[in-house]
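Asker: So that you have it, the file is model19.cif, and it contains mmCIF, C-alpha atoms and all ligand atoms:
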```cif
data_target
loop_
_atom_site.label_atom_id
_atom_site.label_comp_id
_atom_site.auth_asym_id
_atom_site.auth_seq_id
_atom_site.Cartn_x
_atom_site.Cartn_y
_atom_site.Cartn_z
CA MET A 1 5.07 30.57 14.02
CA TYR A 2 4.36 30.08 10.33
CA LEU A 3 4.64 26.93 8.26
CA THR A 4 6.67 26.37 5.13
CA ASN A 5 4.80 25.10 2.10
CA LEU A 6 6.56 21.76 2.42
CA ALA A 7 5.60 21.29 6.03
CA VAL A 8 1.94 21.96 5.43
CA THR A 9 0.90 18.46 4.40
CA THR A 10 2.62 16.86 7.35
CA ILE A 11 1.34 19.30 9.90
CA GLU A 12 -2.12 19.45 8.31
CA ASN A 13 -2.33 15.70 8.57
CA ASP A 14 -1.12 15.64 12.14
CA VAL A 15 -3.53 18.33 13.24
CA TRP A 16 -6.37 16.76 11.29
CA MET A 17 -5.72 13.34 12.78
CA LEU A 18 -5.54 14.91 16.23
CA PHE A 19 -8.70 16.90 15.58
CA ARG A 20 -10.54 13.85 14.27
CA GLU A 21 -9.42 11.68 17.13
CA THR A 22 -10.50 14.15 19.76
CA ASN A 23 -13.40 16.12 18.23
CA CYS A 24 -14.87 14.10 15.40
CA THR A 25 -18.44 15.26 14.96
CA ASN A 26 -20.87 14.85 12.12
CA PHE A 27 -20.63 18.43 10.96
CA MET A 28 -16.92 18.27 10.25
CA LYS A 29 -16.21 14.76 9.10
CA SER A 30 -13.80 15.34 6.28
CA ARG A 31 -10.34 16.74 6.13
CA ARG A 32 -11.61 19.16 3.52
CA ASP A 33 -14.34 20.40 5.89
CA PHE A 34 -11.72 20.78 8.54
CA LEU A 35 -9.47 22.87 6.33
CA LEU A 36 -12.43 24.98 5.20
CA LYS A 37 -13.34 25.65 8.83
CA LEU A 38 -9.79 26.66 9.51
CA GLY A 39 -10.13 29.02 6.58
CA GLY A 40 -7.48 30.93 4.65
CA SER A 41 -4.13 29.65 3.51
CA ALA A 42 -2.37 27.22 5.76
CA LEU A 43 0.81 28.93 4.64
CA THR A 44 0.07 31.86 6.90
CA LEU A 45 -1.86 30.06 9.55
CA PRO A 46 -0.50 30.11 13.09
CA ILE A 47 -1.80 26.64 13.97
CA VAL A 48 0.85 25.53 16.40
CA SER A 49 -1.31 26.50 19.34
CA ALA A 50 -3.71 23.76 18.27
CA LEU A 51 -1.04 21.09 18.63
CA THR A 52 -0.39 18.90 21.60
CA PRO A 53 3.21 18.92 22.87
CA ALA A 54 3.79 15.61 21.04
CA GLU A 55 2.47 16.98 17.77
CA ALA A 56 4.38 20.21 18.17
CA ALA A 57 7.54 18.16 18.43
CA VAL A 58 7.10 16.92 14.84
CA PRO A 59 10.24 18.21 13.15
CA MET A 60 9.72 20.82 10.47
CA VAL A 61 11.00 19.69 7.10
CA ALA A 62 13.48 21.97 5.43
CA ALA A 63 12.05 23.34 2.21
CA ASP A 64 14.67 21.53 0.14
CA LYS A 65 14.33 18.17 1.89
CA GLN A 66 12.44 15.63 -0.16
CA LEU A 67 12.72 11.88 -0.67
CA ARG A 68 14.01 11.54 -4.24
CA VAL A 69 12.70 8.37 -5.84
CA ALA A 70 13.47 6.35 -8.99
CA LEU A 71 10.86 3.88 -10.21
CA VAL A 72 12.17 0.47 -11.30
CA GLY A 73 10.01 -0.99 -14.10
CA LEU A 74 8.09 1.67 -16.01
CA GLY A 75 4.80 -0.15 -16.60
CA SER A 76 1.23 0.77 -15.86
CA TYR A 77 1.43 0.94 -12.08
CA ALA A 78 4.64 2.97 -12.23
CA ASP A 79 2.79 5.46 -14.42
CA ARG A 80 0.06 5.76 -11.78
CA VAL A 81 2.60 6.29 -9.01
CA ALA A 82 4.43 8.91 -11.10
CA THR A 83 1.18 10.77 -11.79
CA ALA A 84 0.25 10.72 -8.09
CA MET A 85 3.69 11.92 -7.09
CA LYS A 86 3.17 15.17 -9.00
CA ASP A 87 1.08 16.23 -5.98
CA CYS A 88 3.54 15.06 -3.34
CA LYS A 89 5.21 17.54 -1.01
CA LEU A 90 7.75 15.32 0.72
CA ALA A 91 8.49 12.79 -2.01
CA LYS A 92 9.70 13.58 -5.48
CA LEU A 93 10.02 11.40 -8.55
CA VAL A 94 13.44 11.98 -10.11
CA GLY A 95 14.14 9.05 -12.43
CA GLY A 96 13.59 5.49 -13.50
CA VAL A 97 15.00 2.14 -14.52
CA THR A 98 13.80 0.51 -17.73
CA GLY A 99 14.90 -1.94 -20.41
CA ALA A 100 13.22 0.17 -23.12
CA PRO A 101 15.33 3.20 -24.18
CA GLU A 102 12.30 4.86 -25.82
CA LYS A 103 10.68 5.10 -22.37
CA VAL A 104 13.46 7.42 -21.21
CA ASP A 105 12.36 10.11 -23.71
CA LYS A 106 8.69 9.50 -23.01
CA TRP A 107 8.98 9.56 -19.23
CA SER A 108 11.43 12.44 -18.99
CA SER A 109 9.14 14.67 -21.04
CA LYS A 110 5.86 13.43 -19.49
CA PHE A 111 7.04 13.88 -15.90
CA GLY A 112 9.75 16.52 -16.37
CA LEU A 113 12.62 14.26 -15.29
CA ASP A 114 16.36 14.61 -15.89
CA LYS A 115 17.58 11.91 -18.32
CA ALA A 116 20.73 11.61 -16.21
CA ASN A 117 18.57 9.83 -13.62
CA PHE A 118 17.53 6.97 -15.95
CA TYR A 119 19.21 3.57 -16.04
CA ASP A 120 18.93 0.28 -17.85
CA TYR A 121 18.36 -2.88 -15.74
CA LYS A 122 21.90 -4.00 -16.48
CA ASP A 123 23.32 -0.64 -15.32
CA PHE A 124 21.15 -0.64 -12.21
CA GLU A 125 24.15 -0.58 -9.84
CA LYS A 126 25.27 2.78 -11.28
CA ILE A 127 22.49 4.36 -9.20
CA LYS A 128 24.81 3.87 -6.26
CA ASP A 129 26.92 6.80 -7.48
CA ASN A 130 23.95 9.07 -8.08
CA PRO A 131 23.61 11.32 -5.03
CA ASN A 132 20.29 12.63 -6.34
CA ILE A 133 18.44 9.34 -5.80
CA ASP A 134 17.58 8.37 -2.20
CA ALA A 135 15.18 5.48 -2.80
CA VAL A 136 14.02 3.09 -5.49
CA TYR A 137 10.40 2.01 -5.91
CA ILE A 138 10.17 -1.47 -7.45
CA THR A 139 7.16 -1.83 -9.75
CA LEU A 140 8.32 -4.93 -11.62
CA PRO A 141 6.49 -8.27 -11.95
CA ASN A 142 6.28 -10.06 -8.60
CA SER A 143 9.08 -12.59 -9.02
CA MET A 144 11.58 -9.78 -9.77
CA HIS A 145 10.96 -7.93 -6.47
CA HIS A 146 13.44 -10.11 -4.60
CA GLU A 147 16.38 -9.62 -6.99
CA TYR A 148 15.93 -5.87 -7.30
CA THR A 149 15.44 -5.34 -3.57
CA LEU A 150 18.70 -7.16 -2.86
CA ARG A 151 20.52 -5.17 -5.54
CA ALA A 152 19.10 -1.86 -4.31
CA ALA A 153 20.01 -2.60 -0.69
CA LYS A 154 23.60 -3.27 -1.76
CA MET A 155 23.67 0.22 -3.29
CA GLY A 156 22.59 1.72 0.02
CA LYS A 157 19.28 3.04 -1.32
CA HIS A 158 15.98 2.81 0.55
CA VAL A 159 13.56 0.34 -1.03
CA ILE A 160 9.84 0.67 -1.60
CA CYS A 161 8.61 -2.57 -3.15
CA GLU A 162 5.23 -3.36 -4.65
CA LYS A 163 2.90 -6.04 -3.34
CA PRO A 164 3.06 -8.96 -3.16
CA MET A 165 6.42 -8.38 -1.55
CA SER A 166 7.87 -11.56 -3.09
CA VAL A 167 6.75 -14.94 -4.36
CA SER A 168 7.82 -16.90 -1.26
CA VAL A 169 8.41 -16.55 2.46
CA LYS A 170 12.07 -17.39 1.95
CA GLN A 171 12.53 -14.53 -0.53
CA ALA A 172 10.73 -12.12 1.80
CA GLU A 173 13.02 -13.07 4.66
CA GLU A 174 16.08 -12.53 2.46
CA MET A 175 14.80 -9.12 1.38
CA ILE A 176 14.32 -8.04 5.01
CA ALA A 177 17.77 -9.33 5.98
CA ALA A 178 19.44 -7.55 3.04
CA CYS A 179 17.84 -4.21 3.88
CA LYS A 180 18.66 -4.58 7.58
CA LYS A 181 22.28 -5.37 6.75
CA ALA A 182 22.51 -2.33 4.48
CA ASP A 183 20.67 -0.18 7.04
CA VAL A 184 18.07 0.97 4.54
CA LYS A 185 14.29 1.02 4.86
CA LEU A 186 12.14 -1.61 3.20
CA TYR A 187 8.53 -0.54 2.77
CA ILE A 188 5.86 -2.44 0.82
CA GLY A 189 3.49 -0.46 -1.43
CA TYR A 190 0.47 -1.00 0.83
CA ARG A 191 -1.09 2.34 -0.17
CA LEU A 192 -4.30 1.81 1.83
CA HIS A 193 -2.52 2.32 5.14
CA PHE A 194 -2.27 6.01 4.14
CA GLU A 195 -5.80 6.30 2.74
CA PRO A 196 -8.37 8.14 4.92
CA TYR A 197 -11.20 5.54 5.04
CA THR A 198 -8.80 2.75 5.91
CA ARG A 199 -7.08 4.92 8.49
CA GLU A 200 -10.42 5.72 10.06
CA LEU A 201 -11.33 2.02 10.25
CA ILE A 202 -8.01 1.30 11.98
CA ARG A 203 -8.49 4.27 14.32
CA MET A 204 -12.00 3.14 15.30
CA ARG A 205 -10.81 -0.39 15.99
CA LYS A 206 -7.83 0.82 18.03
CA ALA A 207 -10.01 3.26 19.98
CA GLY A 208 -12.32 0.40 20.94
CA GLU A 209 -15.29 1.93 19.12
CA LEU A 210 -16.08 -1.41 17.47
CA GLY A 211 -15.68 -3.41 20.66
CA LYS A 212 -14.29 -6.92 20.45
CA ILE A 213 -13.90 -7.88 16.80
CA MET A 214 -16.06 -10.92 16.02
CA HIS A 215 -15.99 -11.36 12.25
CA VAL A 216 -14.42 -9.96 9.08
CA ASN A 217 -15.33 -10.40 5.41
CA THR A 218 -12.75 -9.40 2.83
CA TYR A 219 -13.17 -9.85 -0.92
CA ASP A 220 -11.07 -8.59 -3.77
CA GLY A 221 -10.96 -9.60 -7.40
CA PHE A 222 -11.54 -8.65 -11.00
CA LYS A 223 -11.99 -10.25 -14.40
CA SER A 224 -8.57 -10.82 -15.84
CA GLY A 225 -8.12 -9.86 -19.51
CA ASP A 226 -5.17 -10.63 -21.80
CA PRO A 227 -4.38 -14.37 -21.57
CA ASN A 228 -0.72 -13.68 -22.40
CA GLN A 229 0.04 -11.23 -19.59
CA TRP A 230 2.77 -11.95 -17.00
CA ARG A 231 0.13 -12.16 -14.24
CA LEU A 232 -0.94 -15.55 -15.60
CA LYS A 233 2.62 -16.94 -15.75
CA LYS A 234 3.74 -18.60 -12.55
CA ALA A 235 7.42 -17.84 -13.10
CA LEU A 236 6.73 -14.09 -13.09
CA ALA A 237 3.63 -13.79 -10.92
CA GLY A 238 4.30 -16.52 -8.35
CA GLY A 239 0.57 -17.23 -8.20
CA GLY A 240 -2.73 -15.88 -9.46
CA ALA A 241 -5.49 -13.83 -7.87
CA LEU A 242 -4.32 -14.67 -4.36
CA MET A 243 -0.84 -13.18 -4.86
CA ASP A 244 -2.14 -10.21 -6.81
CA VAL A 245 -5.25 -9.00 -4.99
CA GLY A 246 -5.96 -11.68 -2.39
CA VAL A 247 -3.06 -10.14 -0.51
CA TYR A 248 -5.36 -7.15 0.18
CA CYS A 249 -7.89 -9.51 1.77
CA ILE A 250 -5.20 -10.90 4.07
CA ASN A 251 -3.69 -7.52 4.91
CA GLY A 252 -7.18 -6.03 5.33
CA ALA A 253 -8.32 -8.73 7.75
CA ARG A 254 -5.12 -8.17 9.71
CA TYR A 255 -5.65 -4.41 10.04
CA ALA A 256 -9.35 -4.88 10.72
CA THR A 257 -8.67 -7.21 13.65
CA GLY A 258 -5.24 -5.96 14.75
CA GLU A 259 -4.31 -9.64 15.10
CA GLU A 260 -2.26 -12.22 13.25
CA PRO A 261 -4.08 -15.28 11.94
CA ILE A 262 -3.13 -18.59 13.56
CA TRP A 263 -4.78 -20.91 11.04
CA VAL A 264 -6.22 -20.86 7.54
CA SER A 265 -8.36 -23.17 5.44
CA ALA A 266 -8.90 -22.65 1.72
CA GLU A 267 -10.44 -23.99 -1.46
CA GLU A 268 -9.83 -23.18 -5.10
CA ALA A 269 -12.34 -23.11 -7.96
CA LYS A 270 -11.16 -23.10 -11.57
CA THR A 271 -13.67 -22.53 -14.37
CA ASP A 272 -11.08 -21.91 -17.11
CA PRO A 273 -8.23 -24.40 -16.73
CA VAL A 274 -6.66 -23.27 -20.01
CA LYS A 275 -6.34 -19.58 -19.21
CA PHE A 276 -5.49 -20.31 -15.58
CA LYS A 277 -3.25 -23.29 -16.32
CA GLU A 278 -0.36 -21.93 -14.25
CA VAL A 279 -2.02 -19.79 -11.59
CA ASP A 280 -5.05 -19.76 -9.33
CA GLU A 281 -8.33 -18.29 -10.58
CA THR A 282 -10.72 -18.10 -7.59
CA ILE A 283 -9.91 -18.93 -3.97
CA THR A 284 -12.13 -18.73 -0.91
CA PHE A 285 -10.45 -18.93 2.46
CA GLN A 286 -10.96 -18.51 6.18
CA MET A 287 -8.52 -17.22 8.74
CA GLY A 288 -8.78 -17.81 12.47
CA PHE A 289 -7.39 -15.27 14.94
CA PRO A 290 -6.22 -15.77 18.54
CA SER A 291 -9.23 -13.87 19.96
CA GLY A 292 -11.60 -16.27 18.24
CA ALA A 293 -12.47 -13.83 15.43
CA ILE A 294 -12.85 -15.44 12.02
CA ALA A 295 -12.24 -13.83 8.64
CA SER A 296 -14.13 -15.19 5.66
CA CYS A 297 -12.43 -14.12 2.44
CA GLY A 298 -12.40 -14.53 -1.32
CA THR A 299 -10.30 -13.52 -4.28
CA THR A 300 -10.75 -14.00 -8.01
CA TYR A 301 -9.50 -13.32 -11.53
CA ASN A 302 -12.86 -14.39 -12.92
CA PHE A 303 -15.42 -11.64 -12.21
CA ASN A 304 -15.77 -7.97 -11.30
CA ASN A 305 -17.50 -6.08 -8.46
CA PHE A 306 -15.92 -8.27 -5.80
CA GLU A 307 -14.41 -5.79 -3.37
CA ARG A 308 -15.37 -5.39 0.26
CA LEU A 309 -14.01 -5.14 3.79
CA TYR A 310 -16.71 -5.68 6.40
CA VAL A 311 -15.58 -5.80 10.02
CA ILE A 312 -18.10 -6.56 12.74
CA GLY A 313 -17.41 -5.95 16.39
CA GLU A 314 -19.57 -6.37 19.47
CA LYS A 315 -20.21 -2.59 19.60
CA GLY A 316 -20.15 -1.55 15.96
CA PHE A 317 -19.14 -2.26 12.39
CA VAL A 318 -17.34 -0.74 9.42
CA ASP A 319 -18.34 -1.75 5.91
CA LEU A 320 -16.04 -0.49 3.16
CA SER A 321 -17.02 -1.17 -0.44
CA PRO A 322 -15.14 -0.60 -2.62
CA ALA A 323 -12.39 -1.18 -0.11
CA PHE A 324 -9.13 -1.99 -1.90
CA GLY A 325 -9.00 -0.47 -5.39
CA TYR A 326 -8.00 3.04 -6.36
CA GLY A 327 -11.32 4.33 -5.13
CA PRO A 328 -13.00 6.42 -4.29
CA ILE A 329 -13.35 4.14 -1.28
CA LYS A 330 -16.85 4.28 0.18
CA GLY A 331 -18.15 3.07 3.48
CA ARG A 332 -20.55 3.17 6.36
CA THR A 333 -20.35 2.37 10.03
CA ASN A 334 -22.98 1.67 12.66
CA LYS A 335 -23.10 5.49 13.07
CA GLY A 336 -23.90 6.20 9.41
CA GLU A 337 -22.24 7.01 6.10
CA MET A 338 -18.52 7.73 6.18
CA SER A 339 -17.26 10.84 4.43
CA TRP A 340 -13.54 11.40 4.11
CA ASP A 341 -11.21 13.14 1.72
CA THR A 342 -11.08 11.40 -1.66
CA THR A 343 -9.47 14.24 -3.59
CA LYS A 344 -5.94 12.86 -3.52
CA MET A 345 -4.71 9.73 -5.27
CA HIS A 346 -3.84 6.98 -2.79
CA GLN A 347 -0.26 6.97 -3.99
CA THR A 348 0.10 10.68 -3.17
CA TRP A 349 -0.86 9.99 0.46
CA GLN A 350 1.37 6.90 0.43
CA MET A 351 4.52 8.49 -0.94
CA ASP A 352 4.27 11.58 1.26
CA GLY A 353 3.56 9.34 4.27
CA MET A 354 6.52 7.08 3.55
CA ALA A 355 8.81 10.04 2.87
CA ASP A 356 7.72 11.67 6.12
CA CYS A 357 8.82 8.59 8.08
CA ILE A 358 12.10 8.18 6.25
CA LEU A 359 13.06 11.87 6.23
CA ASN A 360 11.87 12.74 9.71
CA GLY A 361 12.75 9.55 11.55
CA LYS A 362 9.11 8.92 12.47
CA PRO A 363 8.10 5.39 13.53
CA ASP A 364 7.73 3.07 10.57
CA PRO A 365 4.17 2.79 9.27
CA ASN A 366 2.55 -0.69 9.16
CA VAL A 367 3.96 -1.33 5.70
CA THR A 368 7.44 -2.62 6.51
CA GLY A 369 9.05 -5.71 5.01
CA GLU A 370 8.04 -7.54 8.20
CA GLU A 371 4.38 -6.75 7.44
CA GLY A 372 4.81 -8.03 3.89
CA LEU A 373 6.40 -11.19 5.28
CA LYS A 374 3.38 -11.82 7.52
CA ASP A 375 1.12 -11.71 4.45
CA MET A 376 3.46 -14.02 2.54
CA LYS A 377 3.27 -16.57 5.38
CA VAL A 378 -0.52 -16.56 5.12
CA ILE A 379 -0.36 -16.88 1.32
CA GLU A 380 1.87 -19.95 1.61
CA ALA A 381 -0.42 -21.46 4.25
CA ILE A 382 -3.43 -20.91 1.95
CA TYR A 383 -1.73 -22.72 -0.94
CA LYS A 384 -0.81 -25.55 1.48
CA SER A 385 -4.41 -25.84 2.62
CA ILE A 386 -5.64 -26.04 -0.98
CA ALA A 387 -3.06 -28.74 -1.74
CA ALA A 388 -4.27 -30.61 1.35
CA GLY A 389 -7.87 -30.58 0.14
CA GLY A 390 -9.01 -27.63 2.27
CA LYS A 391 -7.63 -28.85 5.59
CA LYS A 392 -6.84 -26.34 8.33
CA VAL A 393 -3.18 -25.28 8.19
CA MET A 394 -1.43 -23.45 11.03
CA VAL A 395 0.25 -20.20 9.95
P1 LIG A 401 3.03 -3.94 -15.94
O1 LIG A 401 3.08 -5.15 -16.78
O2 LIG A 401 2.17 -2.82 -16.40
O3 LIG A 401 4.49 -3.36 -15.70
C1 LIG A 401 5.59 -4.20 -15.44
C2 LIG A 401 6.86 -3.51 -15.87
O4 LIG A 401 7.95 -4.41 -15.67
C3 LIG A 401 6.88 -3.14 -17.36
O5 LIG A 401 7.48 -1.87 -17.53
C4 LIG A 401 7.75 -4.19 -17.99
O6 LIG A 401 8.43 -3.74 -19.14
C5 LIG A 401 8.74 -4.47 -16.86
N1 LIG A 401 9.38 -5.77 -16.97
C6 LIG A 401 10.70 -5.99 -16.81
N2 LIG A 401 11.00 -7.28 -16.99
C7 LIG A 401 9.85 -7.90 -17.29
C8 LIG A 401 9.51 -9.23 -17.62
N3 LIG A 401 10.43 -10.20 -17.64
N4 LIG A 401 8.24 -9.51 -17.90
C9 LIG A 401 7.27 -8.58 -17.84
N5 LIG A 401 7.53 -7.27 -17.55
C10 LIG A 401 8.80 -6.95 -17.27
O7 LIG A 401 2.59 -4.43 -14.50
P2 LIG A 401 2.00 -3.53 -13.33
O8 LIG A 401 0.53 -3.63 -13.33
O9 LIG A 401 2.60 -2.17 -13.39
O10 LIG A 401 2.50 -4.31 -12.02
C11 LIG A 401 3.83 -4.17 -11.53
C12 LIG A 401 3.85 -4.46 -10.02
O11 LIG A 401 3.02 -3.51 -9.37
C13 LIG A 401 3.31 -5.84 -9.64
O12 LIG A 401 4.06 -6.37 -8.58
C14 LIG A 401 1.89 -5.56 -9.15
O13 LIG A 401 1.43 -6.47 -8.19
C15 LIG A 401 2.06 -4.18 -8.56
N6 LIG A 401 0.81 -3.39 -8.61
C16 LIG A 401 0.39 -2.80 -7.46
C17 LIG A 401 -0.77 -2.07 -7.46
C18 LIG A 401 -1.22 -1.38 -6.19
O14 LIG A 401 -2.33 -0.86 -6.17
N7 LIG A 401 -0.39 -1.33 -5.18
C19 LIG A 401 -1.54 -1.95 -8.61
C20 LIG A 401 -1.07 -2.55 -9.80
C21 LIG A 401 0.11 -3.27 -9.77
#
```
Take the structure from the file and write it as structure tokens.
Answerer:
Amino acid sequence: MYLTNLAVTTIENDVWMLFRETNCTNFMKSRRDFLLKLGGSALTLPIVSALTPAEAAVPMVAADKQLRVALVGLGSYADRVATAMKDCKLAKLVGGVTGAPEKVDKWSSKFGLDKANFYDYKDFEKIKDNPNIDAVYITLPNSMHHEYTLRAAKMGKHVICEKPMSVSVKQAEEMIAACKKADVKLYIGYRLHFEPYTRELIRMRKAGELGKIMHVNTYDGFKSGDPNQWRLKKALAGGGALMDVGVYCINGARYATGEEPIWVSAEEAKTDPVKFKEVDETITFQMGFPSGAIASCGTTYNFNNFERLYVIGEKGFVDLSPAFGYGPIKGRTNKGEMSWDTTKMHQTWQMDGMADCILNGKPDPNVTGEEGLKDMKVIEAIYKSIAAGGKKVMV
């Protein structure tokens, strides 16, 4: 049995994950090593014999079946996603939504897109009649995620929405309800769930290799530049560092422990009350989990080199740093240095992974609207704790 080009990524990943989970040894730690050992072109490789019955049951994707995506809001992150999607096998960028007509020319020539698949924000609903767009990917400022998710769901299109999912728990709940009602998927752009180092951390924790999780440190932040950007305006951003990158600390502590926090306590420090008049600058916070594990976390808009996920269990540890940015992610465990594939952009893994679930009816990855909602609940509890002078707040 031979694989189509389009099926290769999916099957490669499945076999690699299976291989890693059952045979991981030091001499073949990376996916690249694995493929080199397999040798030759996967296009002509009869690898089905290496699959378990469950893996073999993964449906083959027809060569013409791809998730066709339009990006909504053609800013800097959209550009990164579009660039990464050039290497996707199962997802394909086909168009965009923008308020700037000049971007239609620029984007269609830069990414080879049909101008017929571009829309203005006010014409957004016309996408409904475009059979060549299956999903929209919302890369607008945070406070606009809610409106555009609701509008996209009404058009019957799947929704991928950037983090933070919304600017409130209430909005997040409405987004989930709207997508459920319309029977479309709602995934949040949590790219790290598809990234090899993060996946390995989650695999080790699930396999019990770390033992009982005792403690987690998560930090993420950077020095914010332009004082006039939307990220510093509460009406568009919803909050500051916590909403923007602190969400990675919350999500990271959740996937490092496999638990949901039951309480938080938090404090804010503000060194520049003019620049950060409307939003938070630096927040440190703790989260307590049902098992007794504690996460000690921090997020900032005030300095660089603040990026780590350190999970400590009774039997082992994983220390990723950098852990949340575009990478390359680096890390070590109690067994030594980690070495995984860093050749692909995170968003390439992400979009192929999401497309694989949507197209092939695979179980949803841990990036659903419900997962985004859990993070939003923690964010709100953190702001409540700060307002209450650092008191413990139940989530
Ligand atoms: P950006 O400012 O570069 O792009 C925002 C886009 O929205 C622009 O095209 C802008 O024209 C458009 N827009 C429409 N209405 C607007 C308004 N009223 N005010 C401002 N812009 C408006 O921002 P970005 O960095 O691309 O971030 C967009 C989203 O992507 C945010 O939610 C952010 O959190 C998320 N993001 C995620 C990652 C990640 O790694 N997952 C990284 C960066 C950004």
Asker: For a test of reading the model, state the distance in Å between CA of Ala182 in chain A and CA of Asp123 in chain A, rounded to one decimal.
Answerer: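 Separating CA of Ala182 in chain A from CA of Asp123 in chain A is a distance of 19.9 Å.
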Asker: Any residue with an atom at most 10 Å from ligand LIG 401 (chain A) counts, using all atoms listed in the file. Which are they? Put them as a ChimeraX atom specification.
Answerer: /A:71-81,97-100,103,121,137-145,161-167,188-192,229-231,233,235-237,243-245,247-248,324-326,346-347
Asker: Here's a test: counting all atoms listed in the file, identify every protein, DNA and RNA residue with an atom at most 6 Å from (-17.0, -4.8, 19.7) in the file's coordinate frame, and state them as number ranges by chain.
Answerer: A: 210-213, 313-316
Asker: At what distance in Å, to one decimal, does CA of Ala172 in chain A lie from CA of Val378 in chain A?
Answerer: 12.5 Å
Asker: From the list A:Lys126, A:Arg332, A:Lys384, A:Lys275, which residue is nearest Ala152 in chain A when using all atoms listed in the file?
Answerer: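 For Ala152 in chain A, the nearest of the candidates is A:Lys126.
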Asker: Would you please work out which residue, of A:Tyr119, A:Lys392, A:Ile358, A:Thr282, is nearest to Tyr219 in chain A when using only C-alpha atoms?
Answerer: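 Closest to Tyr219 in chain A of all the choices is A:Thr282.
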Asker: Quick one: pull the distance between CA of Ala381 in chain A and CA of Leu201 in chain A, Å, one decimal.
Answerer: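 Rounded to one decimal, the two atoms are 26.6 Å apart.
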Asker: Give the padded box for range 301-317 of chain A as JSON: axis-aligned, covering all atoms listed in the file, 8 Å on each side, centre and edge lengths in Å to one decimal.
Answerer:
```
{"center_x": -14.9, "center_y": -8.0, "center_z": 3.3, "size_x": 26.7, "size_y": 28.8, "size_z": 48.5}
```
Asker: Would you please work out which residue, of A:Glu267, A:Glu195, A:Asp183, A:Asp220, is nearest to Trp340 in chain A when using only C-alpha atoms?
Answerer: A:Glu195
Asker: From the set A:Asp134, A:Asp105, A:Asp352, A:Glu200, which residue has the shortest atom-to-atom contact distance to Ala84 in chain A, counting all atoms listed in the file?
Answerer: A:Asp352
Asker: For Arg308 in chain A, list every protein, DNA or RNA residue within 12 Å, evaluated using all atoms listed in the file, and leave out those in the same chain fewer than 6 positions away; present the list as a PyMOL selection string.
Answerer: chain A and resi 198+216-221+245-246+248-249+252-253+296-299+318-325+327+329-332
Asker: Which of these residues is nearest to Asp341 in chain A, using all atoms listed in the file: A:Glu259, A:Met204, A:Arg199, A:Ser291?
Answerer: A:Arg199
